[in-house]
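The data block below is target.txt; it holds compact mmCIF, C-alpha atoms.
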```txt
# COMPACT_ATOMS: atom_id res chain seq x y z
CA ASP A 15 82.94 78.29 98.73
CA ILE A 16 79.82 76.37 99.76
CA ALA A 17 78.18 79.61 100.89
CA ALA A 18 78.80 81.17 97.48
CA ARG A 19 77.12 78.24 95.71
CA LEU A 20 74.14 78.25 98.07
CA ALA A 21 73.67 81.99 97.62
CA ARG A 22 73.54 81.57 93.84
CA GLN A 23 71.12 78.64 94.07
CA ARG A 24 68.76 80.54 96.38
CA ASN A 25 69.20 83.91 94.68
CA ILE A 26 70.22 85.71 97.86
CA ARG A 27 72.99 88.18 98.50
CA PHE A 28 76.42 86.76 99.27
CA VAL A 29 78.42 88.94 101.65
CA LEU A 30 81.92 87.70 102.52
CA ASN A 31 84.30 88.70 105.28
CA PRO A 32 87.55 86.93 104.29
CA TYR A 33 89.76 88.06 107.21
CA TYR A 34 92.49 88.02 104.60
CA HIS A 35 96.15 88.08 105.52
CA ASN A 36 99.43 86.99 103.97
CA THR A 37 101.43 85.87 106.97
CA GLU A 38 103.91 83.01 106.68
CA ASN A 39 101.39 80.17 107.10
CA ARG A 40 99.36 81.58 104.20
CA ARG A 41 102.36 81.38 101.86
CA THR A 42 102.46 77.58 101.86
CA VAL A 43 101.82 75.65 98.66
CA LYS A 44 98.48 74.40 100.05
CA TRP A 45 97.16 77.91 100.69
CA GLN A 46 98.45 79.25 97.41
CA LEU A 47 96.67 76.46 95.52
CA TYR A 48 93.46 77.19 97.43
CA ARG A 49 93.75 80.89 96.62
CA ILE A 50 94.16 80.20 92.91
CA LEU A 51 91.62 77.36 92.52
CA TYR A 52 88.86 78.46 94.90
CA GLY A 53 89.63 81.65 96.81
CA LYS A 54 89.64 84.03 93.87
CA ALA A 55 86.38 82.63 92.49
CA THR A 56 84.68 82.86 95.88
CA ILE A 57 85.71 86.46 96.38
CA ALA A 58 84.71 87.39 92.82
CA ALA A 59 81.26 85.86 93.45
CA ALA A 60 80.58 88.02 96.49
CA ASP A 61 78.07 90.86 96.21
CA ALA A 62 80.12 92.66 98.85
CA ILE A 63 83.44 92.05 100.55
CA VAL A 64 83.66 93.20 104.16
CA VAL A 65 87.13 94.15 105.39
CA ILE A 66 88.03 95.07 108.95
CA SER A 67 90.75 97.57 108.06
CA PRO A 68 92.13 99.50 105.08
CA PHE A 69 95.21 97.28 105.44
CA GLU A 70 93.14 94.16 104.65
CA ARG A 71 91.54 95.89 101.67
CA ASP A 72 94.95 96.85 100.29
CA LEU A 73 96.23 93.27 100.70
CA LEU A 74 93.33 91.94 98.64
CA ARG A 75 94.00 94.48 95.91
CA LYS A 76 97.72 93.78 95.99
CA ASP A 77 97.06 90.07 95.46
CA ARG A 78 94.83 90.94 92.49
CA PHE A 79 91.50 89.69 93.74
CA LYS A 80 88.50 90.83 91.72
CA LEU A 81 86.52 93.04 94.10
CA GLN A 82 83.07 94.20 93.02
CA ARG A 83 82.21 96.09 96.19
CA VAL A 84 84.33 96.56 99.31
CA GLU A 85 82.91 97.79 102.61
CA LEU A 86 85.04 98.74 105.59
CA ILE A 87 83.33 97.46 108.76
CA PRO A 88 85.76 97.24 111.67
CA PRO A 89 85.26 95.43 114.97
CA GLY A 90 84.05 97.56 117.84
CA ILE A 91 83.46 98.01 121.53
CA VAL A 92 80.39 98.04 123.75
CA PRO A 93 80.70 101.52 125.31
CA ASP A 94 78.84 100.60 128.50
CA ALA A 95 81.67 98.27 129.54
CA PHE A 96 84.15 101.15 129.43
CA GLN A 97 81.98 103.77 131.10
CA ILE A 98 82.11 102.16 134.53
CA SER A 99 85.10 101.79 136.83
CA HIS A 100 86.45 98.29 137.31
CA PRO A 101 88.47 97.05 140.31
CA ASN A 102 92.22 97.45 140.07
CA PRO A 103 93.64 93.93 139.58
CA PHE A 104 97.14 95.17 140.37
CA ASN A 105 96.10 95.37 144.02
CA ALA A 106 95.48 91.63 144.12
CA TRP A 107 98.71 91.00 142.26
CA GLY A 108 100.68 93.08 144.80
CA ILE A 109 102.01 95.65 142.34
CA ALA A 110 99.56 98.56 142.66
CA ASP A 111 102.38 100.86 143.84
CA LYS A 112 104.27 100.41 140.55
CA GLU A 113 104.14 102.18 137.19
CA ILE A 114 102.44 99.45 135.20
CA LEU A 115 103.31 98.78 131.58
CA LEU A 116 100.60 96.48 130.24
CA PHE A 117 100.60 93.96 127.41
CA ALA A 118 97.56 91.81 126.56
CA ALA A 119 97.52 89.22 123.77
CA ARG A 120 98.72 85.72 123.01
CA VAL A 121 102.18 85.17 124.44
CA ALA A 122 103.82 84.51 121.09
CA LYS A 123 106.83 85.80 119.19
CA SER A 124 104.50 87.13 116.48
CA LYS A 125 103.09 89.49 119.12
CA GLY A 126 106.55 90.94 119.76
CA VAL A 127 106.92 89.66 123.32
CA ASP A 128 110.69 89.40 122.80
CA LEU A 129 110.88 93.06 121.71
CA LEU A 130 108.73 94.03 124.66
CA ILE A 131 111.02 92.44 127.26
CA HIS A 132 114.21 93.77 125.67
CA ALA A 133 112.69 97.27 125.64
CA PHE A 134 111.42 96.91 129.19
CA ALA A 135 114.97 96.21 130.34
CA GLU A 136 116.02 99.60 128.91
CA ILE A 137 113.02 101.36 130.45
CA HIS A 138 113.59 99.78 133.86
CA LYS A 139 117.18 101.04 133.96
CA GLU A 140 115.89 104.60 133.85
CA GLN A 141 112.66 104.15 135.80
CA SER A 142 113.11 101.39 138.35
CA ASN A 143 109.55 101.68 139.64
CA THR A 144 108.14 100.33 136.38
CA HIS A 145 106.62 96.87 136.32
CA LEU A 146 105.62 94.91 133.20
CA VAL A 147 102.39 92.91 133.26
CA ILE A 148 101.94 90.34 130.50
CA ILE A 149 98.34 89.15 130.20
CA GLY A 150 97.58 86.28 127.87
CA GLU A 151 97.70 82.58 127.24
CA ASP A 152 101.06 81.04 126.42
CA PHE A 153 101.33 80.21 122.72
CA GLY A 154 104.79 78.67 123.04
CA PHE A 155 106.89 81.71 123.91
CA GLU A 156 106.62 82.22 127.67
CA ALA A 157 109.67 80.12 128.52
CA ALA A 158 111.77 82.03 125.98
CA GLY A 159 110.37 85.31 127.29
CA ARG A 160 111.27 84.42 130.86
CA ALA A 161 114.79 83.54 129.70
CA ILE A 162 115.16 86.95 128.03
CA ALA A 163 113.94 88.66 131.21
CA LYS A 164 116.42 86.68 133.31
CA SER A 165 119.29 87.59 130.99
CA HIS A 166 118.51 91.27 131.62
CA GLY A 167 117.97 90.80 135.36
CA VAL A 168 114.36 92.04 135.23
CA GLU A 169 112.52 88.77 135.86
CA GLY A 170 111.40 90.06 139.27
CA SER A 171 109.76 93.08 137.65
CA ILE A 172 107.53 91.13 135.28
CA THR A 173 104.22 89.49 136.14
CA TRP A 174 102.91 86.77 133.83
CA THR A 175 99.20 86.38 134.57
CA GLY A 176 98.10 83.87 131.96
CA LYS A 177 94.46 84.17 130.94
CA VAL A 178 92.40 86.51 133.11
CA SER A 179 88.70 87.32 133.44
CA ARG A 180 87.10 89.99 131.30
CA ARG A 181 86.59 92.14 134.39
CA GLU A 182 90.27 91.85 135.34
CA LEU A 183 91.34 92.80 131.81
CA LEU A 184 89.11 95.87 131.77
CA GLY A 185 90.46 96.88 135.17
CA ALA A 186 94.03 96.41 133.95
CA TYR A 187 93.38 98.67 130.96
CA GLN A 188 91.92 101.35 133.24
CA HIS A 189 94.68 101.30 135.85
CA ALA A 190 97.85 100.77 133.77
CA SER A 191 100.23 103.64 133.05
CA VAL A 192 100.90 102.63 129.42
CA PHE A 193 99.57 99.90 127.15
CA VAL A 194 102.47 98.55 125.07
CA PHE A 195 101.76 96.48 121.97
CA PRO A 196 104.80 95.58 119.82
CA SER A 197 102.95 93.07 117.62
CA ARG A 198 104.60 92.18 114.33
CA TYR A 199 101.29 91.71 112.49
CA GLU A 200 97.68 92.68 113.13
CA ALA A 201 94.70 92.48 110.80
CA PHE A 202 93.08 94.99 113.17
CA GLY A 203 94.25 94.90 116.79
CA ILE A 204 91.15 94.87 119.02
CA VAL A 205 93.19 95.20 122.24
CA LEU A 206 94.40 98.58 121.03
CA LEU A 207 90.85 99.75 120.59
CA GLU A 208 89.92 98.45 124.05
CA ALA A 209 92.92 100.05 125.73
CA GLY A 210 92.06 103.35 124.07
CA ALA A 211 88.40 103.10 125.11
CA ALA A 212 89.57 102.50 128.68
CA GLY A 213 91.65 105.68 128.61
CA CYS A 214 95.07 104.03 128.71
CA PRO A 215 97.94 105.71 126.80
CA ILE A 216 99.22 103.50 123.97
CA VAL A 217 102.56 102.68 122.35
CA ALA A 218 102.39 100.26 119.40
CA THR A 219 104.13 99.14 116.22
CA ARG A 220 104.02 101.22 113.07
CA GLY A 221 103.00 98.34 110.81
CA SER A 222 100.18 96.23 109.33
CA ALA A 223 96.73 97.53 110.41
CA ILE A 224 97.91 99.17 113.63
CA PRO A 225 98.22 102.75 112.26
CA TYR A 226 94.52 102.58 111.36
CA VAL A 227 93.57 101.85 114.97
CA VAL A 228 96.22 104.08 116.59
CA ARG A 229 96.85 107.41 114.89
CA ASP A 230 100.45 108.32 115.57
CA LYS A 231 100.87 111.38 117.82
CA LYS A 232 97.08 111.81 117.90
CA THR A 233 95.68 108.81 119.75
CA GLY A 234 98.94 107.11 120.71
CA LEU A 235 102.59 106.76 119.75
CA LEU A 236 103.97 104.36 117.14
CA PHE A 237 107.50 102.99 117.07
CA GLU A 238 109.44 101.66 114.10
CA PRO A 239 109.15 97.88 113.61
CA GLU A 240 111.83 95.78 115.35
CA ASN A 241 113.42 98.93 116.82
CA ILE A 242 113.80 98.19 120.53
CA SER A 243 115.39 101.54 121.36
CA ASP A 244 112.58 103.43 119.64
CA LEU A 245 110.00 101.36 121.52
CA ALA A 246 111.68 102.10 124.85
CA ALA A 247 112.00 105.81 124.01
CA LYS A 248 108.30 106.14 123.15
CA VAL A 249 107.23 104.50 126.41
CA LEU A 250 109.62 106.68 128.42
CA LEU A 251 108.28 109.76 126.67
CA LEU A 252 104.78 109.00 127.95
CA LEU A 253 106.03 108.18 131.45
CA ARG A 254 107.91 111.49 131.63
CA ASN A 255 105.17 113.64 130.13
CA ARG A 256 101.92 112.71 131.86
CA ALA A 257 99.99 115.62 130.39
CA HIS A 258 100.83 114.49 126.85
CA ALA A 259 99.98 110.88 127.71
CA LYS A 260 96.64 111.98 129.15
CA GLU A 261 95.78 114.00 126.04
CA LEU A 262 96.57 111.07 123.71
CA ALA A 263 94.46 108.77 125.89
CA ARG A 264 91.56 111.23 125.86
CA ALA A 265 91.65 111.41 122.06
CA ALA A 266 91.84 107.60 121.74
CA ARG A 267 88.85 107.14 124.03
CA GLU A 268 86.83 109.75 122.15
CA ARG A 269 87.59 108.13 118.79
CA ALA A 270 86.76 104.62 120.06
CA PHE A 271 83.36 105.77 121.33
CA ARG A 272 82.65 107.75 118.14
CA ASP A 273 83.94 105.49 115.36
CA PHE A 274 84.28 101.95 116.69
CA THR A 275 81.14 100.61 118.37
CA TRP A 276 79.55 97.25 117.68
CA GLU A 277 76.20 98.97 117.23
CA ARG A 278 77.61 101.08 114.42
CA SER A 279 79.29 98.08 112.76
CA VAL A 280 76.21 95.84 112.99
CA GLU A 281 74.01 98.54 111.45
CA LYS A 282 76.39 98.87 108.51
CA LEU A 283 76.62 95.11 108.04
CA LEU A 284 72.83 94.67 108.06
CA SER A 285 72.50 97.41 105.43
CA LEU A 286 74.38 95.17 102.97
CA TYR A 287 71.50 92.71 102.97
```

Using structure tokens, write down the structure that the file contains.
Amino acid sequence: DIAARLARQRNIRFVLNPYYHNTENRRTVKWQLYRILYGKATIAAADAIVVISPFERDLLRKDRFKLQRVELIPPGIVPDAFQISHPNPFNAWGIADKEILLFAARVAKSKGVDLLIHAFAEIHKEQSNTHLVIIGEDFGFEAAGRAIAKSHGVEGSITWTGKVSRRELLGAYQHASVFVFPSRYEAFGIVLLEAGAAGCPIVATRGSAIPYVVRDKKTGLLFEPENISDLAAKVLLLLRNRAHAKELARAARERAFRDFTWERSVEKLLSLY
């Protein structure tokens, strides 16, 4: 709001990236009042609106914002970081001999950690050499997640790492068998892009912005939201068919390097000014 006023006063271009979403916390009375009294005017004043996914663009249109110019400029990767081999962190964690299913994000229910553990229990029944690695800071759901794992008897086959270094995360992407991301809502999903750039096969939710980042049956597999059996089946499909998993991973890596680099995004953003 202040930026819009300053841009008008100084006669300079006003480019806005709203990171718009309509999750539960944005449906409160406070946020709805802000949207009506200030948000719509601010967005209407922008010379260009930058969205990070087609999903965000469609949300803005659905909520009837006046959009003069919309530019799609997604987040990206730095290719150099994914073109070198990183040490395998699973060695240090004592699980390098396992088939690693990797998750990386906040440990929160919104990220589908509950779905992940329920599905892992089904997967582990069929393939007992699988091991689930959950990377990420606890956002209030780790205790509940551990309880779910215990109820299924798979607590010994799950490693909770907490926050890890960037190097460890890159190594985990490179050495995992499947990256599993059952998030309930993503405005983009940068970890999906990173996993793909690292050459890790992906299974993720068919919802929100995820199908933009992961093209179903082309650069990964998508499962139906909240469907634990479908999630488990898609992961097992990749574990059983390594050639198919490898082909999906190759396509995801190629697309990440071609379409989603920070250099490309920065160039497009600068062109708006």

So the first atom is CA of Leu74 in chain A and the second is CA of Tyr34 in chain A; what is the distance between them in Å, to one decimal place?
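Separating CA of Leu74 in chain A from CA of Tyr34 in chain A is a distance of 7.2 Å.
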
Which residue of A:Leu245, A:Leu206, A:Leu253, A:Leu184 approaches His132 in chain A most closely, using all atoms listed in the file
A:Leu245

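Proximity of A:Ile204, A:Cys214, A:Ala110, A:Val121 to Lys177 in chain A, computed with all atoms listed in the file, is greatest for A:Val121.
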
Counting all atoms listed in the file, what are the residues of range 40-99 of chain A within 9 Å of range 218-239 of chain A, and for each of them which pair of atoms is the nearest and at what distance in Å, to one decimal? Sort the table by chain and rising number, as a Markdown table.
```
| residue | atom | partner | partner_atom | distance |
| --- | --- | --- | --- | --- |
| A:Ser67 | CA | A:Ala223 | CA | 6.4 |
| A:Pro68 | CA | A:Ala223 | CA | 7.3 |
| A:Phe69 | CA | A:Ala223 | CA | 5.2 |
| A:Glu70 | CA | A:Ala223 | CA | 7.6 |
```

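Minimum atom-to-atom distances from A:Ile66, A:Leu250, A:Ile16, A:Ala259 to Glu140 in chain A were compared using all atoms listed in the file, and the lowest value belongs to A:Leu250.
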
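With all atoms listed in the file as the atoms that count, the minimum distance from Glu113 in chain A to the choices A:Arg83, A:Arg180, A:His189, A:Lys164 is reached by A:His189.
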
For Lys112 in chain A, the nearest of the candidates A:Lys76, A:Ile172, A:Ile87, A:His166, counting only C-alpha atoms:
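Of A:Lys76, A:Ile172, A:Ile87, A:His166, the one nearest Lys112 in chain A, counting only C-alpha atoms, is A:Ile172.
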
Distance query 10 Å from (100.7, 86.1, 129.9) using all atoms listed in the file, result as a VMD selection string
chain A and resid 117 to 122 127 147 to 153 155 to 156 173 to 178

Would you work out the distance separating CA of Ile114 in chain A from CA of Ile216 in chain A, expressed in Å to one decimal?
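Separation between CA of Ile114 in chain A and CA of Ile216 in chain A: 12.4 Å.
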
Work out how far CA of Thr56 in chain A is from CA of Ile26 in chain A, in Å to one decimal.
14.9 Å

My list of candidates is A:Ala58, A:Ile98, A:Val249, A:Val92. Which is closest to Lys80 in chain A when distances are computed with all atoms listed in the file?
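Checking each candidate against Lys80 in chain A, we get A:Ala58 as the closest.
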
Excluding Leu286 in chain A and any residue of its chain fewer than 5 positions from it, enumerate the residues within 12 Å of it, using only C-alpha atoms, and give them as a ChimeraX atom specification.
/A:26-30,60-64,83-87,279-281

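Residues surrounding Pro93 in chain A within 8 Å are A:Gln97, A:Ala211, A:Phe271, A:Thr275 [all atoms listed in the file; sequence separation below 4 positions excluded].
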